[in-house]
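Here the structure comes first, spelled out in structure tokens, and everything after it is commentary.
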Amino acid sequence: MSRLYKTIEPSVIDDEMLEEAVKKQGPSGRAGQIAQLEGIEFKDVKHLQLDYRNILKIDNLWQFKTLTKLQLDNNVIEKIEGLNTLTNLVWLDLSFNNIEIIEGLDELVKLEDLSLYSNRISKIENMDSLVNLQIFSIGKNHIDKLENIIYLRRFKRLRTLNLAGNPMCEDEQYSMYIPAYLPTLMYLDFRLIEKTTKEIALEKHHSAVANLMYHEDIAFKKLEKIRLQEEELALHKAAYVEYLNGPGLFNTMFSEDPEAPKLLMLPGVTEFVDIYPFTKAEFTNICQKLFTHGLKGYEKRQKELEHFLECLREAIEENQQKGVKVIKEFEEKNKEQFNEIQHMSDSQLLEIRIKEFRVEVNQLWNKLMSLEMQLVDQLEETMSNFERNISEIVTTYVENVQALIAQCRELENRYNENILEIAMTSYDKMGKNEGEEEMPEELRALFVDKDTVINTVNASHDMHLLKIDNQEDKMVTKANGWAADMIEMLHTDEINRNRKRVLEINIYVSHWRDELDFLELQDTN
Amino acid sequence: MDLLEESDEDVFRDEDEKVSKKGKFRVSAPKVDQLELLSLEIGTLSYPKSYQVNTPKEEKMLHYAENFRRQYIYLYPDRKPLLLNPLNECRVEKFVSTTLRPTLLKHEELYNWKDCAQFVADFLIVDPLDPINDVPEYLFSPTTFLKRQKGNCFDFSNLLCSLLIGTGYDTYCVSGYAVKEMCLVDETREICPLLKESDQINKEQEKPPMKKYSVKPVRELKSKFEMKQEARRLAEEKAEEERKQKELDYLADLKIKGTHDVMHGLRVHCWVLVLSGKREVPENFFIDPFTGNSYETTNERFLGIESIWNHRNYWVNMQDCKFGCKNVVFDLGDPVKWEYMLPDSDNSQVVLPESYEYLVDEVDDDDEKELEKIFDMPPSWVQPIVIPVKDIETRCPKGEKIIQYKKANLEKYAPYLNIDGMVKRLIEYEDIECTSFVKVTEWYANRKDMLERIERNMRTRTITEHFKNGRYMAVKRHIYRSSEPETDRTLKYNSRLRVDGLVSRVETPAEMTEKFKNRPDFLIYRQTIFAKRMRKVRLPGVFHLNYRTILKITERFARNRKKPAHEDVAEQVFLITAEHIHLTYHREDDRITALKREFALPPNLMQKDDQEINMEQIVVTFEVDPLAKPCKNVVLYQTMMDLLKTQAASMQSVRDSEHEIREFLKDRAAERKANELIISVYDTERNEKAKEHRKEQLRLEEEQRLRRAEEELDYLAPFLARLGQPRRITKKVAMTLRNDCLTDMKQRLIDKANLIQARFEKEAMELQNKQQWYQQNQIFMTKEDEQAYLAYCSEAMFRIHILEMRLNKHKETAPIKYLELEEKIRKDPRLAKKLKNC
């Protein structure tokens with residue numbers, strides 16, 4: 001290859017080359033003629049073969065959106081690139097090139113057959129997204145370590161593998177190593193792996209494989225755990241109760257309040273030792289209630305919605321079946337008649353028949369439209385029913401949330417009163433110069449005068465209330481918003497459906513009318 | 001209750017009186033004659049002792065029963081006599097409970113009560129009671145009954161009860177009264193059970209629960225008044241019809257039944273009661289032993305119960321049976337409802353009500369109470385019941401049985417009895433007099449062509465053949481009128497077993513419709529319309545070899561979800577003569593219309609490749625979506641070419657189907673003629689091959705045995721004979737024997753050595769002669785002669801060598817053989833002792 005590279009100018013994939021290839025590889029014979037006449041669009045091409053063309057760089061292939069098979073073998077390509085748009089690719093051949101690194105294949109999720117035979121690759125990597133890979137050919141490359149194979153374990157559908165001609169094949173363990181580490185493999189280096197070979201190989205590498213599997217298992221479990229957690233969080237978010245099943249809200253209330261820790265250092269607070277933890281526990285308790293309530297509300301809403309959607313689907317389906325039946329009946333009844341009319345010679349009779357037929361077509365239109373109108377009526381009724389129910393559910397939910405939030409507020413108020421009282425007593429003590437020595441430095445600044453103390457305490461209180469308000473707001477407005485959006489969406493869907501169906505009916509009916517017009521025109525001529 | 005109170009006081013006072021009044025044996029003369037005749041017929045003389053004589057315990061039991069009977073007659077003079085101790089076939093009195101012989105048979109077929117009852121009903125012939133209103137004077141053992149295969153209801157119940165108790169059911173024989181039809185096994189008013197089953201299948205289709213958001217049904221714009229009127233009219237019509245039907249039924253019934261039964265309520269019958277509890281029986285029920293049918297205990301066919309018994313005890317019913325058995329309670333522990341004969345250990349929990357307490361005290365002193373304590377039922381005198389496998393298979397006496405039902409007639413045959421393998425035939429009649437039949441159903445077994453059932457419907461004149469799994473081409477059912485091809489027929493297949501997934505194939509003279517399932521190409525339906533055949537004079541049975549012209553093929557496909565709807569063909573119609581192809585694609589999920597294409601095939605499409613064609617003129621498309629991009633002409637052209645190929649393939653598969661039907665019909669005709677039956681390899685009775693094999697094996701075994709016997713011939717015999725077969729072997733005789741034997745052996749060995757030596761010498765001589773002869777004549781010899789000589793020489797040398805070797809071997813083994821014999825003689829059991837010290 002390299003010799004050729006020096007002597008012949010490398011070429012570029014350009015429009016001309018593509019045109020020519022498409023034309024050559026397109027349909028032949030009469031089909032070819034027809035294709036010529038109307039032209040072939042790149043986006044309709046399924047297979048493309050660009051071999052022996054000295055291509056250096058993969059480029060300009062973005063138009064081939066439906067391409068499933070691409071052959072770029074026997075070129076001088078050095079880097080895999082420009083393939084990201086070809087997402088429908090099933091078959092990719094890059095053999096006999098000068099590729100050094102596997103890359104740029106991340107978007108080719110549908111790929112089943114990949115050939116990188118005779119290149120300069122030394123490591124198997126960057127193929128995580130090729131989950132459907134079945135056949136992989138990477139023979140005659142520079143892979144020298146057997147451990148590279150472990151990477152291939154992630155391809156659960158891999159059945160055929162070609163590794164022949166790599167440095168690693170000279171390893172004496174090679175023939176046993178591969179079947180042991182890839183037990184699902186059926187063909188290796190163009191040969192069937194026999195059952196006995198597999199067994200022996202597994203025996204030989206048993207402990208290593210078992211160890212590997214154990215680690216894989218652990219990794220998998222970890223991933224699974226994370227996934228589950230994420231799912232749970234998503235559910236909580238959907239129910240607007242994220243981080244509520246614990247002291248989350250309480251903690252944010254205090255962590256974002258700069259004054260709180262200072263106030264907690266007041267000498268009196270230590271006397272009421274349990275005021276902070278006690279409040280925390282109670283607060284958490286209420287939050288927990290809020291959390292379960294939120295989840296339940298979510299579940300209820302979801303169930304109601306599912307229920308409704310199912311009924312909606314059923315109703316539409318039933319109506320659709322009726323429509324299909326009407327059309328079928330019409331067609332069965334009138335097909336013969338129409339044929340008859342087409343071949344009629346008596347113009348007077350023809351006219352009468354056409355008139356009759358027109359009446360039939362009108363009747364069909366009436367039937368179909370009335371069916372549609374019925375459905376619209378029915379759906380409107382159930383939809384308003386649903387709307388009423390869902391808003392009721394949301395209202396009760398909101399009321400409950402507000403009640404619980406009110407409890408939170410009350411708790412906060414009580415806490416604030418306590419703090420204020422303590423602060424006031426401390427201030428009074430300060431005034432009397434008692435217990436000054438117990439006061440830390442930062443606190444002393446607070447007790448400059450009465451207003452500052454009260455302001456500080458109030459600021460802290462306001463801060464806390466704000467947090468609570470935010471939470472309430474989030475839960476209430478989101479729930480209300482959800483209901484409104486849902487209903488809005490349902491309405492638009494219904495309108496779209498209705499428009500589509502009416503259009504469909506009209507097209508169908510006008511199709512018949514056109515036919516009749518055509519006949520009449522013929523007749524008058 | 002008063003009666004009962006009285007009873008115990010009076011009984012003992014009046015006992016003597018009663019004995020004198022009513023004899024212990026109440027056997028009337030004509031009965032005995034009949035019994036004698038029967039006994040002679042059976043040949044009871046050779047019966048075992050237990051049949052002929054009573055054991056002391058049985059005597060005691062009889063005595064006790066007699067006592068019971070006398071009390072009973074005294075207390076209830078109005079009630080009929082009980083069946084307590086009838087005579088058996090050897091004319092010995094036996095207590096009924098001991099006639100029951102609980103037996104568990106090894107036959108799997110008899111383990112279930114249903115099958116068991118059916119077997120008893122099928123296996124035996126009914127012999128009605130005589131007189132019909134009295135319990136019989138004699139009751140035979142089940143063994144005799146089985147041998148005769150004939151008996152009355154008591155025999156039937158006795159046998160069935162024995163078998164059911166044996167398999168673990170809580171079963172009792174019931175003596176009582178039943179309706180005429182039951183006593184006389186008249187099932188002409190019953191619906192055949194085979195017909196009943198088929199009716200029960202299609203039942204209840206569950207209505208889905210009403211959903212919260214289901215749309216309201218469309219309001220029908222109709223006058224309510226008119227609807228009401230219509231409904232009323234319909235209801236009236238229906239009522240009228242029902243009334244008429246009832247009248248007809250009544251009349252028909254009357255015709256069959258005749259007038260009212262004058263003996264109603266007097267006809268004695270015996271049946272079987274199964275109580276719940278054991279073997280997972282959920283509820284008490286009766287079994288009629290004549291038919292094997294089960295009934296609820298409240299069934300109105302059973303008019304009354306006198307007594308019941310099992311192998312342990314005997315109970316007399318004390319409940320009122322004025323209104324049949326409806327109100328009878330089967331709580332055998334209740335002494336008010338059931339008067340027991342023996343205080344059973346099982347029923348010991350019975351507690352007398354308080355009002356009886358004084359009674360208990362009184363009875364305590366009596367010896368009867370003591371008797372009660374000790375006494376339990378003697379063991380059965382009957383020998384174990386044995387039913388040979390052959391009888392199980394044959395089932396009915398002589399292998400056939402005919403039962404008359406209401407509007408139906410059922411015939412049962414043993415397998416292999418009929419040459420065509422028929423085992424059952426059910427004829428259904430249109431009218432109650434059974435004159436014209438509607439439907440004949442025949443069941444077959446063990447047929448080689450897997451035929452299971454044939455239904456001949458006389459009304460529609462159709463024949464339906466049902467086949468078992470495993471038939472060639474997986475045919476399940478064949479419905480037809482005539483065996484000629486190209487006539488009306490329906491074939492049903494087991495689609496899972498067929499490669500092409502064919503479910504059914506319906507043929508009419510001009511049409512063939514095939515249905516498929518689970519095919520990889522999603523084809524579900526193919527209908528072919530043929531042109532009418534030119535009417536020619538043709539002989540029946542001669543098949544047309546040329547095919548009919550195909551006019552039209554319609555193929556339908558299921559939705560292939562992998563393709564978008566507008567590329568997935570739902571229906572393709574090939575109008576072959578008109579050269580049109582119509583395609584209808586699948587609907588999109590939310591649409592009611594579908595894409596359609598019509599191809600008007602240009603002439604000579606296949607021949608000339610260079611001819612220009614205009615796709616716009618060929619294809620007419622109805623597009624559902626006006627915004628969709630029109631399909632490319634290339635694609636249309638390719639579709640068309642593909643369709644042409646498909647058309648050819650479809651035509652071929654139609655031809656194949658036709659061929660298959662013809663082959664099938666030919667096969668059927670041959671099979672119907674052949675009537676071949678399969679014989680299982682496990683069937684040792686019928687399998688000729690296996691029989692032969694077994695015989696051969698026996699023969700071989702026999703031969704081997706003979707050979708072995710020969711081998712074991714006594715080596716001392718000739719020497720013993722020489723000594724005149726001495727009776728006792730003395731020491732002297734033993735010595736002589738040994739010496740003779742050894743000398744003989746030595747002589748034989750020497751003889752043998754000599755023989756070999758002689759042969760060797762002879763051979764050597766000959767060779768020498770030949771050599772001499774050769775040396776003399778060597779000069780005149782031709783090449784062939786020389787060759788022959790050389791060949792002879794080498795052969796002779798070989799022989800000599802062999803002889804030499806044999807001689808040497810003999811010399812080696814001879815002493816060993818001699819010693820062996822000596823050893824053998826020494827160890828011979830006859831001589832060993834005598835020769836010990838020699």
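Naming works like this for the structure tokens: A, B, ... for the chains as they're shown, residue 1 at the start of each chain, ligands 1 onward in shown order.
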
Just the residues within 9 Å of segment 466-476 of chain A, please, counting only C-alpha atoms, with nothing from its chain fewer than 3 positions along; format it as number ranges by chain. A: 239-241, 249-250, 252-253, 294, 394, 397-399, 401-402, 405, 408-409, 461-463, 479-481

Can I get the selected residues back with N, CA, C and O atoms, as a PDB file, in the first residue's frame?
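again-v5.pdb written:
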```pdb
ATOM      1  N   ALA A 239     -42.586  13.870  41.195  1.00  0.00           N
ATOM      2  CA  ALA A 239     -43.598  14.050  42.231  1.00  0.00           C
ATOM      3  C   ALA A 239     -43.368  15.337  43.029  1.00  0.00           C
ATOM      4  O   ALA A 239     -44.074  15.601  43.997  1.00  0.00           O
ATOM      5  N   TYR A 240     -42.361  16.131  42.632  1.00  0.00           N
ATOM      6  CA  TYR A 240     -41.985  17.408  43.281  1.00  0.00           C
ATOM      7  C   TYR A 240     -41.597  17.231  44.742  1.00  0.00           C
ATOM      8  O   TYR A 240     -41.844  18.090  45.559  1.00  0.00           O
ATOM      9  N   VAL A 241     -41.029  16.112  45.091  1.00  0.00           N
ATOM     10  CA  VAL A 241     -40.692  15.917  46.513  1.00  0.00           C
ATOM     11  C   VAL A 241     -39.220  15.553  46.681  1.00  0.00           C
ATOM     12  O   VAL A 241     -38.853  14.889  47.622  1.00  0.00           O
ATOM     13  N   LEU A 249     -34.656  19.666  53.624  1.00  0.00           N
ATOM     14  CA  LEU A 249     -35.198  21.024  53.629  1.00  0.00           C
ATOM     15  C   LEU A 249     -34.706  21.807  54.836  1.00  0.00           C
ATOM     16  O   LEU A 249     -34.286  22.963  54.732  1.00  0.00           O
ATOM     17  N   PHE A 250     -34.729  21.142  55.959  1.00  0.00           N
ATOM     18  CA  PHE A 250     -34.294  21.786  57.203  1.00  0.00           C
ATOM     19  C   PHE A 250     -32.839  22.222  57.106  1.00  0.00           C
ATOM     20  O   PHE A 250     -32.479  23.336  57.473  1.00  0.00           O
ATOM     21  N   THR A 252     -31.121  22.856  54.393  1.00  0.00           N
ATOM     22  CA  THR A 252     -30.919  24.005  53.498  1.00  0.00           C
ATOM     23  C   THR A 252     -31.350  25.283  54.186  1.00  0.00           C
ATOM     24  O   THR A 252     -30.747  26.339  54.015  1.00  0.00           O
ATOM     25  N   MET A 253     -32.412  25.166  54.971  1.00  0.00           N
ATOM     26  CA  MET A 253     -32.888  26.341  55.699  1.00  0.00           C
ATOM     27  C   MET A 253     -31.778  26.933  56.533  1.00  0.00           C
ATOM     28  O   MET A 253     -31.584  28.149  56.586  1.00  0.00           O
ATOM     29  N   GLY A 294     -46.694  13.509  48.808  1.00  0.00           N
ATOM     30  CA  GLY A 294     -46.365  13.910  47.441  1.00  0.00           C
ATOM     31  C   GLY A 294     -46.300  12.712  46.511  1.00  0.00           C
ATOM     32  O   GLY A 294     -46.862  12.715  45.413  1.00  0.00           O
ATOM     33  N   VAL A 394     -55.946  17.374  42.064  1.00  0.00           N
ATOM     34  CA  VAL A 394     -54.865  18.338  42.289  1.00  0.00           C
ATOM     35  C   VAL A 394     -55.218  19.270  43.435  1.00  0.00           C
ATOM     36  O   VAL A 394     -54.388  19.573  44.289  1.00  0.00           O
ATOM     37  N   TYR A 397     -54.844  17.619  46.709  1.00  0.00           N
ATOM     38  CA  TYR A 397     -53.418  17.449  46.939  1.00  0.00           C
ATOM     39  C   TYR A 397     -52.802  18.746  47.440  1.00  0.00           C
ATOM     40  O   TYR A 397     -52.083  18.769  48.443  1.00  0.00           O
ATOM     41  N   VAL A 398     -53.145  19.817  46.758  1.00  0.00           N
ATOM     42  CA  VAL A 398     -52.573  21.117  47.131  1.00  0.00           C
ATOM     43  C   VAL A 398     -53.002  21.484  48.543  1.00  0.00           C
ATOM     44  O   VAL A 398     -52.195  21.957  49.351  1.00  0.00           O
ATOM     45  N   GLU A 399     -54.252  21.246  48.843  1.00  0.00           N
ATOM     46  CA  GLU A 399     -54.745  21.583  50.190  1.00  0.00           C
ATOM     47  C   GLU A 399     -53.949  20.844  51.259  1.00  0.00           C
ATOM     48  O   GLU A 399     -53.519  21.419  52.264  1.00  0.00           O
ATOM     49  N   VAL A 401     -50.995  19.615  50.988  1.00  0.00           N
ATOM     50  CA  VAL A 401     -49.626  20.128  51.032  1.00  0.00           C
ATOM     51  C   VAL A 401     -49.582  21.412  51.839  1.00  0.00           C
ATOM     52  O   VAL A 401     -48.716  21.588  52.703  1.00  0.00           O
ATOM     53  N   GLN A 402     -50.560  22.266  51.592  1.00  0.00           N
ATOM     54  CA  GLN A 402     -50.570  23.542  52.307  1.00  0.00           C
ATOM     55  C   GLN A 402     -50.717  23.333  53.807  1.00  0.00           C
ATOM     56  O   GLN A 402     -50.049  23.988  54.608  1.00  0.00           O
ATOM     57  N   ILE A 405     -47.432  22.227  55.094  1.00  0.00           N
ATOM     58  CA  ILE A 405     -46.485  23.337  55.075  1.00  0.00           C
ATOM     59  C   ILE A 405     -46.787  24.296  56.229  1.00  0.00           C
ATOM     60  O   ILE A 405     -45.873  24.834  56.881  1.00  0.00           O
ATOM     61  N   CYS A 408     -45.177  23.248  59.154  1.00  0.00           N
ATOM     62  CA  CYS A 408     -43.759  23.608  59.115  1.00  0.00           C
ATOM     63  C   CYS A 408     -43.565  25.037  59.605  1.00  0.00           C
ATOM     64  O   CYS A 408     -42.677  25.326  60.407  1.00  0.00           O
ATOM     65  N   ARG A 409     -44.411  25.875  59.084  1.00  0.00           N
ATOM     66  CA  ARG A 409     -44.287  27.290  59.433  1.00  0.00           C
ATOM     67  C   ARG A 409     -44.477  27.511  60.919  1.00  0.00           C
ATOM     68  O   ARG A 409     -43.721  28.239  61.559  1.00  0.00           O
ATOM     69  N   HIS A 461     -35.199  34.293  60.642  1.00  0.00           N
ATOM     70  CA  HIS A 461     -36.542  33.757  60.566  1.00  0.00           C
ATOM     71  C   HIS A 461     -37.105  33.921  59.150  1.00  0.00           C
ATOM     72  O   HIS A 461     -37.643  32.973  58.559  1.00  0.00           O
ATOM     73  N   ASP A 462     -36.914  35.111  58.607  1.00  0.00           N
ATOM     74  CA  ASP A 462     -37.412  35.379  57.250  1.00  0.00           C
ATOM     75  C   ASP A 462     -36.803  34.420  56.254  1.00  0.00           C
ATOM     76  O   ASP A 462     -37.471  33.890  55.364  1.00  0.00           O
ATOM     77  N   MET A 463     -35.530  34.244  56.451  1.00  0.00           N
ATOM     78  CA  MET A 463     -34.804  33.328  55.555  1.00  0.00           C
ATOM     79  C   MET A 463     -35.449  31.955  55.576  1.00  0.00           C
ATOM     80  O   MET A 463     -35.737  31.351  54.538  1.00  0.00           O
ATOM     81  N   ALA A 479     -47.722  21.344  40.553  1.00  0.00           N
ATOM     82  CA  ALA A 479     -48.856  20.437  40.402  1.00  0.00           C
ATOM     83  C   ALA A 479     -49.931  21.087  39.551  1.00  0.00           C
ATOM     84  O   ALA A 479     -50.463  20.471  38.620  1.00  0.00           O
ATOM     85  N   ASN A 480     -50.203  22.328  39.850  1.00  0.00           N
ATOM     86  CA  ASN A 480     -51.223  23.040  39.073  1.00  0.00           C
ATOM     87  C   ASN A 480     -50.795  23.160  37.620  1.00  0.00           C
ATOM     88  O   ASN A 480     -51.592  22.938  36.702  1.00  0.00           O
ATOM     89  N   GLY A 481     -49.517  23.492  37.456  1.00  0.00           N
ATOM     90  CA  GLY A 481     -48.996  23.634  36.104  1.00  0.00           C
ATOM     91  C   GLY A 481     -49.090  22.339  35.335  1.00  0.00           C
ATOM     92  O   GLY A 481     -49.489  22.314  34.170  1.00  0.00           O
TER      93      GLY A 481
END
```

Within 6 Å of chain A, which residues of chain B show up when using only C-alpha atoms, listed as a PyMOL selection string? chain B and resi 213-215+592+634

Take the selection from the previous step and output its residues with C-alpha atoms, as a PDB file, in the first residue's frame.
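The new file again_26.pdb reads:
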```pdb
ATOM      1  CA  TYR B 213     -63.628   6.993  31.365  1.00  0.00           C
ATOM      2  CA  SER B 214     -65.205   4.771  28.749  1.00  0.00           C
ATOM      3  CA  VAL B 215     -67.044   6.880  26.246  1.00  0.00           C
ATOM      4  CA  ILE B 592     -58.941   4.516   8.335  1.00  0.00           C
ATOM      5  CA  VAL B 634     -37.657   2.885 -10.103  1.00  0.00           C
TER       6      VAL B 634
END
```

Could you name the residues that touch Ile419 of chain B at 9 Å or less, counting only C-alpha atoms, but leaving out those on the same chain fewer than 5 positions away, as a ChimeraX atom specification? /B:675-677

Those same residues, written as a tab-separated table (two decimals), in the first residue's frame with all heavy atoms?
```tsv
chain	number	residue	atom	x	y	z
B	675	ASN	N	-57.94	-50.59	6.04
B	675	ASN	CA	-58.33	-50.76	7.45
B	675	ASN	C	-57.20	-51.28	8.32
B	675	ASN	O	-57.39	-52.19	9.12
B	675	ASN	CB	-59.50	-51.74	7.56
B	675	ASN	CG	-60.79	-51.04	7.31
B	675	ASN	OD1	-60.90	-49.84	7.54
B	675	ASN	ND2	-61.77	-51.77	6.83
B	676	GLU	N	-56.03	-50.74	8.16
B	676	GLU	CA	-54.91	-51.30	8.91
B	676	GLU	C	-54.91	-50.79	10.35
B	676	GLU	O	-55.17	-49.62	10.60
B	676	GLU	CB	-53.60	-50.88	8.25
B	676	GLU	CG	-53.06	-51.95	7.34
B	676	GLU	CD	-51.73	-51.52	6.76
B	676	GLU	OE1	-51.74	-50.78	5.76
B	676	GLU	OE2	-50.71	-51.93	7.32
B	677	LEU	N	-54.61	-51.67	11.26
B	677	LEU	CA	-54.55	-51.30	12.68
B	677	LEU	C	-53.11	-51.40	13.18
B	677	LEU	O	-52.34	-52.23	12.72
B	677	LEU	CB	-55.43	-52.23	13.50
B	677	LEU	CG	-56.91	-52.26	13.16
B	677	LEU	CD1	-57.63	-53.16	14.14
B	677	LEU	CD2	-57.51	-50.88	13.20
```

Atomic distance atom CA of Leu404 of chain A - atom CA of His236 of chain A, expressed in Å with one decimal: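 Taking atom CA of Leu404 of chain A and atom CA of His236 of chain A, their separation equals 17.8 Å.
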
Surrounding residues of Ile58 of chain A excluding itself and chain neighbours under 2 positions, 10 Å, only C-alpha atoms, as an NGL selection string: :A and (12-13 or 55-56 or 60-61 or 72 or 77-83)
